[in-house]
Every structure is written in structure tokens, then in C-alpha cells.
file entry_16.pdb (PDB, N, CA, C and O atoms)
ATOM      1  N   MET A   1      77.351  -9.167  10.470  1.00  0.00           N
ATOM      2  CA  MET A   1      78.732  -8.924  10.871  1.00  0.00           C
ATOM      3  C   MET A   1      79.652  -8.878   9.651  1.00  0.00           C
ATOM      4  O   MET A   1      80.531  -8.039   9.570  1.00  0.00           O
ATOM      5  N   THR A   2      79.412  -9.778   8.709  1.00  0.00           N
ATOM      6  CA  THR A   2      80.235  -9.809   7.508  1.00  0.00           C
ATOM      7  C   THR A   2      80.062  -8.528   6.703  1.00  0.00           C
ATOM      8  O   THR A   2      81.034  -7.982   6.189  1.00  0.00           O
ATOM      9  N   ASN A   3      78.829  -8.024   6.619  1.00  0.00           N
ATOM     10  CA  ASN A   3      78.583  -6.785   5.880  1.00  0.00           C
ATOM     11  C   ASN A   3      79.346  -5.623   6.495  1.00  0.00           C
ATOM     12  O   ASN A   3      79.871  -4.775   5.782  1.00  0.00           O
ATOM     13  N   LEU A   4      79.406  -5.569   7.813  1.00  0.00           N
ATOM     14  CA  LEU A   4      80.131  -4.510   8.498  1.00  0.00           C
ATOM     15  C   LEU A   4      81.617  -4.582   8.172  1.00  0.00           C
ATOM     16  O   LEU A   4      82.258  -3.563   7.920  1.00  0.00           O
ATOM     17  N   LEU A   5      82.160  -5.781   8.137  1.00  0.00           N
ATOM     18  CA  LEU A   5      83.563  -5.975   7.795  1.00  0.00           C
ATOM     19  C   LEU A   5      83.834  -5.498   6.366  1.00  0.00           C
ATOM     20  O   LEU A   5      84.813  -4.787   6.119  1.00  0.00           O
ATOM     21  N   TYR A   6      82.954  -5.862   5.434  1.00  0.00           N
ATOM     22  CA  TYR A   6      83.122  -5.421   4.048  1.00  0.00           C
ATOM     23  C   TYR A   6      83.026  -3.907   3.934  1.00  0.00           C
ATOM     24  O   TYR A   6      83.748  -3.287   3.172  1.00  0.00           O
ATOM     25  N   GLU A   7      82.117  -3.293   4.701  1.00  0.00           N
ATOM     26  CA  GLU A   7      81.988  -1.839   4.678  1.00  0.00           C
ATOM     27  C   GLU A   7      83.260  -1.171   5.168  1.00  0.00           C
ATOM     28  O   GLU A   7      83.732  -0.204   4.576  1.00  0.00           O
ATOM     29  N   LYS A   8      83.830  -1.696   6.239  1.00  0.00           N
ATOM     30  CA  LYS A   8      85.073  -1.124   6.779  1.00  0.00           C
ATOM     31  C   LYS A   8      86.212  -1.272   5.786  1.00  0.00           C
ATOM     32  O   LYS A   8      86.986  -0.345   5.569  1.00  0.00           O
ATOM     33  N   GLN A   9      86.316  -2.442   5.169  1.00  0.00           N
ATOM     34  CA  GLN A   9      87.372  -2.665   4.187  1.00  0.00           C
ATOM     35  C   GLN A   9      87.181  -1.757   2.982  1.00  0.00           C
ATOM     36  O   GLN A   9      88.142  -1.197   2.460  1.00  0.00           O
ATOM     37  N   GLY A  10      85.955  -1.585   2.531  1.00  0.00           N
ATOM     38  CA  GLY A  10      85.668  -0.721   1.390  1.00  0.00           C
ATOM     39  C   GLY A  10      86.007   0.720   1.693  1.00  0.00           C
ATOM     40  O   GLY A  10      86.607   1.412   0.872  1.00  0.00           O
ATOM     41  N   SER A  11      85.672   1.178   2.880  1.00  0.00           N
ATOM     42  CA  SER A  11      85.984   2.552   3.271  1.00  0.00           C
ATOM     43  C   SER A  11      87.487   2.757   3.329  1.00  0.00           C
ATOM     44  O   SER A  11      87.999   3.797   2.909  1.00  0.00           O
ATOM     45  N   ARG A  12      88.182   1.784   3.850  1.00  0.00           N
ATOM     46  CA  ARG A  12      89.643   1.881   3.947  1.00  0.00           C
ATOM     47  C   ARG A  12      90.266   1.957   2.559  1.00  0.00           C
ATOM     48  O   ARG A  12      91.154   2.773   2.294  1.00  0.00           O
ATOM     49  N   LEU A  13      89.797   1.120   1.650  1.00  0.00           N
ATOM     50  CA  LEU A  13      90.330   1.119   0.287  1.00  0.00           C
ATOM     51  C   LEU A  13      90.026   2.431  -0.431  1.00  0.00           C
ATOM     52  O   LEU A  13      90.877   2.946  -1.164  1.00  0.00           O
ATOM     53  N   GLU A  14      88.840   2.972  -0.209  1.00  0.00           N
ATOM     54  CA  GLU A  14      88.499   4.266  -0.812  1.00  0.00           C
ATOM     55  C   GLU A  14      89.438   5.350  -0.287  1.00  0.00           C
ATOM     56  O   GLU A  14      89.878   6.208  -1.041  1.00  0.00           O
ATOM     57  N   GLY A  15      89.737   5.306   0.991  1.00  0.00           N
ATOM     58  CA  GLY A  15      90.653   6.288   1.582  1.00  0.00           C
ATOM     59  C   GLY A  15      92.052   6.174   1.013  1.00  0.00           C
ATOM     60  O   GLY A  15      92.709   7.186   0.746  1.00  0.00           O
ATOM     61  N   ILE A  16      92.497   4.965   0.810  1.00  0.00           N
ATOM     62  CA  ILE A  16      93.823   4.742   0.229  1.00  0.00           C
ATOM     63  C   ILE A  16      93.863   5.285  -1.191  1.00  0.00           C
ATOM     64  O   ILE A  16      94.816   5.967  -1.581  1.00  0.00           O
ATOM     65  N   LEU A  17      92.825   5.010  -1.975  1.00  0.00           N
ATOM     66  CA  LEU A  17      92.772   5.498  -3.354  1.00  0.00           C
ATOM     67  C   LEU A  17      92.751   7.022  -3.393  1.00  0.00           C
ATOM     68  O   LEU A  17      93.459   7.627  -4.188  1.00  0.00           O
ATOM     69  N   GLU A  18      91.969   7.634  -2.512  1.00  0.00           N
ATOM     70  CA  GLU A  18      91.918   9.093  -2.469  1.00  0.00           C
ATOM     71  C   GLU A  18      93.290   9.672  -2.144  1.00  0.00           C
ATOM     72  O   GLU A  18      93.694  10.685  -2.714  1.00  0.00           O
ATOM     73  N   GLY A  19      94.011   9.033  -1.235  1.00  0.00           N
ATOM     74  CA  GLY A  19      95.361   9.482  -0.892  1.00  0.00           C
ATOM     75  C   GLY A  19      96.306   9.384  -2.075  1.00  0.00           C
ATOM     76  O   GLY A  19      97.128  10.277  -2.305  1.00  0.00           O
ATOM     77  N   LYS A  20      96.185   8.307  -2.836  1.00  0.00           N
ATOM     78  CA  LYS A  20      97.030   8.135  -4.018  1.00  0.00           C
ATOM     79  C   LYS A  20      96.712   9.183  -5.071  1.00  0.00           C
ATOM     80  O   LYS A  20      97.619   9.708  -5.724  1.00  0.00           O
ATOM     81  N   ILE A  21      95.434   9.498  -5.226  1.00  0.00           N
ATOM     82  CA  ILE A  21      95.050  10.510  -6.206  1.00  0.00           C
ATOM     83  C   ILE A  21      95.583  11.870  -5.788  1.00  0.00           C
ATOM     84  O   ILE A  21      96.110  12.615  -6.620  1.00  0.00           O
ATOM     85  N   GLU A  22      95.493  12.208  -4.517  1.00  0.00           N
ATOM     86  CA  GLU A  22      96.008  13.498  -4.041  1.00  0.00           C
ATOM     87  C   GLU A  22      97.522  13.581  -4.234  1.00  0.00           C
ATOM     88  O   GLU A  22      98.046  14.621  -4.639  1.00  0.00           O
ATOM     89  N   THR A  23      98.228  12.498  -3.972  1.00  0.00           N
ATOM     90  CA  THR A  23      99.672  12.465  -4.180  1.00  0.00           C
ATOM     91  C   THR A  23     100.002  12.634  -5.661  1.00  0.00           C
ATOM     92  O   THR A  23     100.908  13.388  -6.027  1.00  0.00           O
ATOM     93  N   ALA A  24      99.241  11.953  -6.518  1.00  0.00           N
ATOM     94  CA  ALA A  24      99.464  12.070  -7.958  1.00  0.00           C
ATOM     95  C   ALA A  24      99.201  13.497  -8.437  1.00  0.00           C
ATOM     96  O   ALA A  24      99.931  14.012  -9.285  1.00  0.00           O
ATOM     97  N   LYS A  25      98.181  14.154  -7.880  1.00  0.00           N
ATOM     98  CA  LYS A  25      97.896  15.539  -8.253  1.00  0.00           C
ATOM     99  C   LYS A  25      99.076  16.442  -7.926  1.00  0.00           C
ATOM    100  O   LYS A  25      99.468  17.294  -8.733  1.00  0.00           O
ATOM    101  N   ILE A  26      99.634  16.264  -6.752  1.00  0.00           N
ATOM    102  CA  ILE A  26     100.790  17.076  -6.339  1.00  0.00           C
ATOM    103  C   ILE A  26     101.964  16.843  -7.276  1.00  0.00           C
ATOM    104  O   ILE A  26     102.609  17.790  -7.741  1.00  0.00           O
ATOM    105  N   LEU A  27     102.248  15.578  -7.569  1.00  0.00           N
ATOM    106  CA  LEU A  27     103.358  15.251  -8.467  1.00  0.00           C
ATOM    107  C   LEU A  27     103.106  15.780  -9.876  1.00  0.00           C
ATOM    108  O   LEU A  27     104.020  16.281 -10.531  1.00  0.00           O
ATOM    109  N   PHE A  28     101.877  15.680 -10.344  1.00  0.00           N
ATOM    110  CA  PHE A  28     101.529  16.163 -11.679  1.00  0.00           C
ATOM    111  C   PHE A  28     101.712  17.669 -11.773  1.00  0.00           C
ATOM    112  O   PHE A  28     102.307  18.178 -12.721  1.00  0.00           O
ATOM    113  N   LYS A  29     101.203  18.383 -10.768  1.00  0.00           N
ATOM    114  CA  LYS A  29     101.312  19.842 -10.782  1.00  0.00           C
ATOM    115  C   LYS A  29     102.758  20.304 -10.674  1.00  0.00           C
ATOM    116  O   LYS A  29     103.122  21.365 -11.167  1.00  0.00           O
ATOM    117  N   ALA A  30     103.613  19.481 -10.041  1.00  0.00           N
ATOM    118  CA  ALA A  30     105.033  19.804  -9.910  1.00  0.00           C
ATOM    119  C   ALA A  30     105.829  19.392 -11.149  1.00  0.00           C
ATOM    120  O   ALA A  30     107.029  19.641 -11.222  1.00  0.00           O
ATOM    121  N   GLY A  31     105.172  18.747 -12.105  1.00  0.00           N
ATOM    122  CA  GLY A  31     105.846  18.331 -13.327  1.00  0.00           C
ATOM    123  C   GLY A  31     106.634  17.045 -13.187  1.00  0.00           C
ATOM    124  O   GLY A  31     107.447  16.712 -14.043  1.00  0.00           O
ATOM    125  N   LYS A  32     106.385  16.296 -12.129  1.00  0.00           N
ATOM    126  CA  LYS A  32     107.113  15.043 -11.893  1.00  0.00           C
ATOM    127  C   LYS A  32     106.366  13.810 -12.387  1.00  0.00           C
ATOM    128  O   LYS A  32     106.895  12.714 -12.371  1.00  0.00           O
ATOM    129  N   LEU A  33     105.106  14.001 -12.813  1.00  0.00           N
ATOM    130  CA  LEU A  33     104.276  12.893 -13.267  1.00  0.00           C
ATOM    131  C   LEU A  33     103.582  13.314 -14.556  1.00  0.00           C
ATOM    132  O   LEU A  33     102.965  14.379 -14.605  1.00  0.00           O
ATOM    133  N   THR A  34     103.697  12.497 -15.579  1.00  0.00           N
ATOM    134  CA  THR A  34     103.059  12.818 -16.856  1.00  0.00           C
ATOM    135  C   THR A  34     101.593  12.371 -16.839  1.00  0.00           C
ATOM    136  O   THR A  34     101.191  11.560 -15.996  1.00  0.00           O
ATOM    137  N   VAL A  35     100.841  12.905 -17.779  1.00  0.00           N
ATOM    138  CA  VAL A  35      99.433  12.513 -17.910  1.00  0.00           C
ATOM    139  C   VAL A  35      99.333  11.013 -18.145  1.00  0.00           C
ATOM    140  O   VAL A  35      98.538  10.321 -17.501  1.00  0.00           O
ATOM    141  N   GLU A  36     100.156  10.513 -19.037  1.00  0.00           N
ATOM    142  CA  GLU A  36     100.113   9.084 -19.376  1.00  0.00           C
ATOM    143  C   GLU A  36     100.435   8.210 -18.174  1.00  0.00           C
ATOM    144  O   GLU A  36      99.799   7.177 -17.955  1.00  0.00           O
ATOM    145  N   ASP A  37     101.427   8.613 -17.396  1.00  0.00           N
ATOM    146  CA  ASP A  37     101.787   7.836 -16.210  1.00  0.00           C
ATOM    147  C   ASP A  37     100.666   7.848 -15.174  1.00  0.00           C
ATOM    148  O   ASP A  37     100.373   6.824 -14.547  1.00  0.00           O
ATOM    149  N   ALA A  38     100.031   8.996 -14.983  1.00  0.00           N
ATOM    150  CA  ALA A  38      98.925   9.090 -14.028  1.00  0.00           C
ATOM    151  C   ALA A  38      97.764   8.200 -14.457  1.00  0.00           C
ATOM    152  O   ALA A  38      97.168   7.510 -13.623  1.00  0.00           O
ATOM    153  N   VAL A  39      97.474   8.184 -15.754  1.00  0.00           N
ATOM    154  CA  VAL A  39      96.394   7.337 -16.269  1.00  0.00           C
ATOM    155  C   VAL A  39      96.710   5.871 -16.011  1.00  0.00           C
ATOM    156  O   VAL A  39      95.850   5.106 -15.558  1.00  0.00           O
ATOM    157  N   LYS A  40      97.938   5.461 -16.275  1.00  0.00           N
ATOM    158  CA  LYS A  40      98.336   4.060 -16.078  1.00  0.00           C
ATOM    159  C   LYS A  40      98.318   3.671 -14.605  1.00  0.00           C
ATOM    160  O   LYS A  40      97.844   2.598 -14.246  1.00  0.00           O
ATOM    161  N   LEU A  41      98.840   4.525 -13.758  1.00  0.00           N
ATOM    162  CA  LEU A  41      98.953   4.203 -12.332  1.00  0.00           C
ATOM    163  C   LEU A  41      97.607   4.166 -11.616  1.00  0.00           C
ATOM    164  O   LEU A  41      97.378   3.312 -10.759  1.00  0.00           O
ATOM    165  N   LEU A  42      96.743   5.098 -11.954  1.00  0.00           N
ATOM    166  CA  LEU A  42      95.497   5.247 -11.207  1.00  0.00           C
ATOM    167  C   LEU A  42      94.272   4.677 -11.917  1.00  0.00           C
ATOM    168  O   LEU A  42      93.192   4.629 -11.337  1.00  0.00           O
ATOM    169  N   HIS A  43      94.440   4.271 -13.175  1.00  0.00           N
ATOM    170  CA  HIS A  43      93.327   3.714 -13.965  1.00  0.00           C
ATOM    171  C   HIS A  43      92.171   4.712 -14.029  1.00  0.00           C
ATOM    172  O   HIS A  43      91.014   4.370 -13.755  1.00  0.00           O
ATOM    173  N   ILE A  44      92.502   5.952 -14.361  1.00  0.00           N
ATOM    174  CA  ILE A  44      91.499   6.996 -14.537  1.00  0.00           C
ATOM    175  C   ILE A  44      91.631   7.559 -15.943  1.00  0.00           C
ATOM    176  O   ILE A  44      92.586   7.250 -16.651  1.00  0.00           O
ATOM    177  N   SER A  45      90.686   8.376 -16.328  1.00  0.00           N
ATOM    178  CA  SER A  45      90.698   8.895 -17.694  1.00  0.00           C
ATOM    179  C   SER A  45      91.699  10.037 -17.846  1.00  0.00           C
ATOM    180  O   SER A  45      92.046  10.724 -16.880  1.00  0.00           O
ATOM    181  N   LYS A  46      92.127  10.214 -19.094  1.00  0.00           N
ATOM    182  CA  LYS A  46      93.044  11.304 -19.422  1.00  0.00           C
ATOM    183  C   LYS A  46      92.389  12.656 -19.119  1.00  0.00           C
ATOM    184  O   LYS A  46      93.049  13.573 -18.641  1.00  0.00           O
ATOM    185  N   GLU A  47      91.097  12.738 -19.379  1.00  0.00           N
ATOM    186  CA  GLU A  47      90.358  13.982 -19.132  1.00  0.00           C
ATOM    187  C   GLU A  47      90.380  14.354 -17.649  1.00  0.00           C
ATOM    188  O   GLU A  47      90.492  15.522 -17.295  1.00  0.00           O
ATOM    189  N   GLU A  48      90.252  13.344 -16.787  1.00  0.00           N
ATOM    190  CA  GLU A  48      90.277  13.614 -15.346  1.00  0.00           C
ATOM    191  C   GLU A  48      91.638  14.160 -14.921  1.00  0.00           C
ATOM    192  O   GLU A  48      91.730  15.100 -14.145  1.00  0.00           O
ATOM    193  N   VAL A  49      92.689  13.589 -15.455  1.00  0.00           N
ATOM    194  CA  VAL A  49      94.039  14.069 -15.124  1.00  0.00           C
ATOM    195  C   VAL A  49      94.220  15.489 -15.641  1.00  0.00           C
ATOM    196  O   VAL A  49      94.742  16.353 -14.918  1.00  0.00           O
ATOM    197  N   LEU A  50      93.773  15.755 -16.843  1.00  0.00           N
ATOM    198  CA  LEU A  50      93.919  17.092 -17.410  1.00  0.00           C
ATOM    199  C   LEU A  50      93.113  18.126 -16.626  1.00  0.00           C
ATOM    200  O   LEU A  50      93.484  19.299 -16.590  1.00  0.00           O
ATOM    201  N   SER A  51      92.056  17.706 -15.961  1.00  0.00           N
ATOM    202  CA  SER A  51      91.257  18.639 -15.159  1.00  0.00           C
ATOM    203  C   SER A  51      92.033  19.125 -13.925  1.00  0.00           C
ATOM    204  O   SER A  51      91.666  20.137 -13.332  1.00  0.00           O
ATOM    205  N   TRP A  52      93.097  18.443 -13.562  1.00  0.00           N
ATOM    206  CA  TRP A  52      93.910  18.845 -12.409  1.00  0.00           C
ATOM    207  C   TRP A  52      94.661  20.139 -12.670  1.00  0.00           C
ATOM    208  O   TRP A  52      95.082  20.803 -11.743  1.00  0.00           O
ATOM    209  N   LYS A  53      94.829  20.487 -13.945  1.00  0.00           N
ATOM    210  CA  LYS A  53      95.581  21.703 -14.281  1.00  0.00           C
ATOM    211  C   LYS A  53      94.828  22.963 -13.871  1.00  0.00           C
ATOM    212  O   LYS A  53      95.428  24.001 -13.706  1.00  0.00           O
ATOM    213  N   ARG A  54      93.533  22.871 -13.742  1.00  0.00           N
ATOM    214  CA  ARG A  54      92.707  24.048 -13.445  1.00  0.00           C
ATOM    215  C   ARG A  54      92.857  24.507 -12.025  1.00  0.00           C
ATOM    216  O   ARG A  54      93.218  23.925 -11.122  1.00  0.00           O
TER
END
call {"tool": "encode", "arguments": {"input": "entry_16.pdb", "output": "C-alpha cells"}}
result
Amino acid sequence: MTNLLYEKQGSRLEGILEGKIETAKILFKAGKLTVEDAVKLLHISKEEVLSWKR
């Protein structure tokens, strides 16, 4: 039962993170979010943020 609870919580957190990344992509492409800010907020690499330009 505990494992099921952890799985549900993990899935929920992954969904929240994915939503934040999608929001950051939109803001970045609109010029409202800098590469440095995206790296700090999302704890991802600069290269990953730069790949959003493609």
C-alpha cells in the first residue's frame, strides 16, 4: 500500500514538473524568461534550455 502511495505521489510530482517546464518554454520563446533564469528555476542544464529555440 505504501509503494502505491509513493508511486501516485511521484507521478503527480512528475506531472507538475512537466507543466512547469512547458510554461517555461512558452515564456522563453516569448522572450519573457532568460536562459539563466530558466536554469535557476528548473535546475536543468543551459544546453537543455537552448534546445528549446529549435
call {"tool": "residues_around", "arguments": {"input": "entry_16.pdb", "residues": "Val49 in chain A", "least_positions_apart": "5", "cutoff": "12 Å", "atoms": "only C-alpha atoms", "output": "ChimeraX atom specification"}}
result
/A:21-22,24-29,33-44,54
call {"tool": "write_last_selection", "arguments": {"input": "entry_16.pdb", "atoms": "N, CA, C and O atoms", "output": "PDB file, in the frame of the given file"}}
result
ATOM      1  N   ILE A  21      95.434   9.498  -5.226  1.00  0.00           N
ATOM      2  CA  ILE A  21      95.050  10.510  -6.206  1.00  0.00           C
ATOM      3  C   ILE A  21      95.583  11.870  -5.788  1.00  0.00           C
ATOM      4  O   ILE A  21      96.110  12.615  -6.620  1.00  0.00           O
ATOM      5  N   GLU A  22      95.493  12.208  -4.517  1.00  0.00           N
ATOM      6  CA  GLU A  22      96.008  13.498  -4.041  1.00  0.00           C
ATOM      7  C   GLU A  22      97.522  13.581  -4.234  1.00  0.00           C
ATOM      8  O   GLU A  22      98.046  14.621  -4.639  1.00  0.00           O
ATOM      9  N   ALA A  24      99.241  11.953  -6.518  1.00  0.00           N
ATOM     10  CA  ALA A  24      99.464  12.070  -7.958  1.00  0.00           C
ATOM     11  C   ALA A  24      99.201  13.497  -8.437  1.00  0.00           C
ATOM     12  O   ALA A  24      99.931  14.012  -9.285  1.00  0.00           O
ATOM     13  N   LYS A  25      98.181  14.154  -7.880  1.00  0.00           N
ATOM     14  CA  LYS A  25      97.896  15.539  -8.253  1.00  0.00           C
ATOM     15  C   LYS A  25      99.076  16.442  -7.926  1.00  0.00           C
ATOM     16  O   LYS A  25      99.468  17.294  -8.733  1.00  0.00           O
ATOM     17  N   ILE A  26      99.634  16.264  -6.752  1.00  0.00           N
ATOM     18  CA  ILE A  26     100.790  17.076  -6.339  1.00  0.00           C
ATOM     19  C   ILE A  26     101.964  16.843  -7.276  1.00  0.00           C
ATOM     20  O   ILE A  26     102.609  17.790  -7.741  1.00  0.00           O
ATOM     21  N   LEU A  27     102.248  15.578  -7.569  1.00  0.00           N
ATOM     22  CA  LEU A  27     103.358  15.251  -8.467  1.00  0.00           C
ATOM     23  C   LEU A  27     103.106  15.780  -9.876  1.00  0.00           C
ATOM     24  O   LEU A  27     104.020  16.281 -10.531  1.00  0.00           O
ATOM     25  N   PHE A  28     101.877  15.680 -10.344  1.00  0.00           N
ATOM     26  CA  PHE A  28     101.529  16.163 -11.679  1.00  0.00           C
ATOM     27  C   PHE A  28     101.712  17.669 -11.773  1.00  0.00           C
ATOM     28  O   PHE A  28     102.307  18.178 -12.721  1.00  0.00           O
ATOM     29  N   LYS A  29     101.203  18.383 -10.768  1.00  0.00           N
ATOM     30  CA  LYS A  29     101.312  19.842 -10.782  1.00  0.00           C
ATOM     31  C   LYS A  29     102.758  20.304 -10.674  1.00  0.00           C
ATOM     32  O   LYS A  29     103.122  21.365 -11.167  1.00  0.00           O
ATOM     33  N   LEU A  33     105.106  14.001 -12.813  1.00  0.00           N
ATOM     34  CA  LEU A  33     104.276  12.893 -13.267  1.00  0.00           C
ATOM     35  C   LEU A  33     103.582  13.314 -14.556  1.00  0.00           C
ATOM     36  O   LEU A  33     102.965  14.379 -14.605  1.00  0.00           O
ATOM     37  N   THR A  34     103.697  12.497 -15.579  1.00  0.00           N
ATOM     38  CA  THR A  34     103.059  12.818 -16.856  1.00  0.00           C
ATOM     39  C   THR A  34     101.593  12.371 -16.839  1.00  0.00           C
ATOM     40  O   THR A  34     101.191  11.560 -15.996  1.00  0.00           O
ATOM     41  N   VAL A  35     100.841  12.905 -17.779  1.00  0.00           N
ATOM     42  CA  VAL A  35      99.433  12.513 -17.910  1.00  0.00           C
ATOM     43  C   VAL A  35      99.333  11.013 -18.145  1.00  0.00           C
ATOM     44  O   VAL A  35      98.538  10.321 -17.501  1.00  0.00           O
ATOM     45  N   GLU A  36     100.156  10.513 -19.037  1.00  0.00           N
ATOM     46  CA  GLU A  36     100.113   9.084 -19.376  1.00  0.00           C
ATOM     47  C   GLU A  36     100.435   8.210 -18.174  1.00  0.00           C
ATOM     48  O   GLU A  36      99.799   7.177 -17.955  1.00  0.00           O
ATOM     49  N   ASP A  37     101.427   8.613 -17.396  1.00  0.00           N
ATOM     50  CA  ASP A  37     101.787   7.836 -16.210  1.00  0.00           C
ATOM     51  C   ASP A  37     100.666   7.848 -15.174  1.00  0.00           C
ATOM     52  O   ASP A  37     100.373   6.824 -14.547  1.00  0.00           O
ATOM     53  N   ALA A  38     100.031   8.996 -14.983  1.00  0.00           N
ATOM     54  CA  ALA A  38      98.925   9.090 -14.028  1.00  0.00           C
ATOM     55  C   ALA A  38      97.764   8.200 -14.457  1.00  0.00           C
ATOM     56  O   ALA A  38      97.168   7.510 -13.623  1.00  0.00           O
ATOM     57  N   VAL A  39      97.474   8.184 -15.754  1.00  0.00           N
ATOM     58  CA  VAL A  39      96.394   7.337 -16.269  1.00  0.00           C
ATOM     59  C   VAL A  39      96.710   5.871 -16.011  1.00  0.00           C
ATOM     60  O   VAL A  39      95.850   5.106 -15.558  1.00  0.00           O
ATOM     61  N   LYS A  40      97.938   5.461 -16.275  1.00  0.00           N
ATOM     62  CA  LYS A  40      98.336   4.060 -16.078  1.00  0.00           C
ATOM     63  C   LYS A  40      98.318   3.671 -14.605  1.00  0.00           C
ATOM     64  O   LYS A  40      97.844   2.598 -14.246  1.00  0.00           O
ATOM     65  N   LEU A  41      98.840   4.525 -13.758  1.00  0.00           N
ATOM     66  CA  LEU A  41      98.953   4.203 -12.332  1.00  0.00           C
ATOM     67  C   LEU A  41      97.607   4.166 -11.616  1.00  0.00           C
ATOM     68  O   LEU A  41      97.378   3.312 -10.759  1.00  0.00           O
ATOM     69  N   LEU A  42      96.743   5.098 -11.954  1.00  0.00           N
ATOM     70  CA  LEU A  42      95.497   5.247 -11.207  1.00  0.00           C
ATOM     71  C   LEU A  42      94.272   4.677 -11.917  1.00  0.00           C
ATOM     72  O   LEU A  42      93.192   4.629 -11.337  1.00  0.00           O
ATOM     73  N   HIS A  43      94.440   4.271 -13.175  1.00  0.00           N
ATOM     74  CA  HIS A  43      93.327   3.714 -13.965  1.00  0.00           C
ATOM     75  C   HIS A  43      92.171   4.712 -14.029  1.00  0.00           C
ATOM     76  O   HIS A  43      91.014   4.370 -13.755  1.00  0.00           O
ATOM     77  N   ILE A  44      92.502   5.952 -14.361  1.00  0.00           N
ATOM     78  CA  ILE A  44      91.499   6.996 -14.537  1.00  0.00           C
ATOM     79  C   ILE A  44      91.631   7.559 -15.943  1.00  0.00           C
ATOM     80  O   ILE A  44      92.586   7.250 -16.651  1.00  0.00           O
ATOM     81  N   ARG A  54      93.533  22.871 -13.742  1.00  0.00           N
ATOM     82  CA  ARG A  54      92.707  24.048 -13.445  1.00  0.00           C
ATOM     83  C   ARG A  54      92.857  24.507 -12.025  1.00  0.00           C
ATOM     84  O   ARG A  54      93.218  23.925 -11.122  1.00  0.00           O
TER      85      ARG A  54
END
call {"tool": "select_by_dssp", "arguments": {"input": "entry_16.pdb", "residues": "chain A", "states": "alpha helix (DSSP H)", "output": "MDAnalysis selection string"}}
result
chainID A and resid 2:29 35:42 46:50
call {"tool": "atom_distance", "arguments": {"input": "entry_16.pdb", "atom1": "atom O of Thr23 in chain A", "atom2": "CA of Trp52 in chain A"}}
result
10.9 Å
call {"tool": "axis_aligned_box", "arguments": {"input": "entry_16.pdb", "around": "range 32-40 of chain A", "padding_each_side": "4 Å", "output": "JSON"}}
result
{"center_x": 101.5, "center_y": 9.4, "center_z": -15.6, "size_x": 19.3, "size_y": 21.7, "size_z": 15.5}
call {"tool": "atom_distance", "arguments": {"input": "entry_16.pdb", "atom1": "atom O of Gly15 in chain A", "atom2": "atom O of Asn3 in chain A"}}
result
18.3 Å
call {"tool": "atom_distance", "arguments": {"input": "entry_16.pdb", "atom1": "atom O of Ser51 in chain A", "atom2": "atom O of Glu18 in chain A"}}
result
14.4 Å
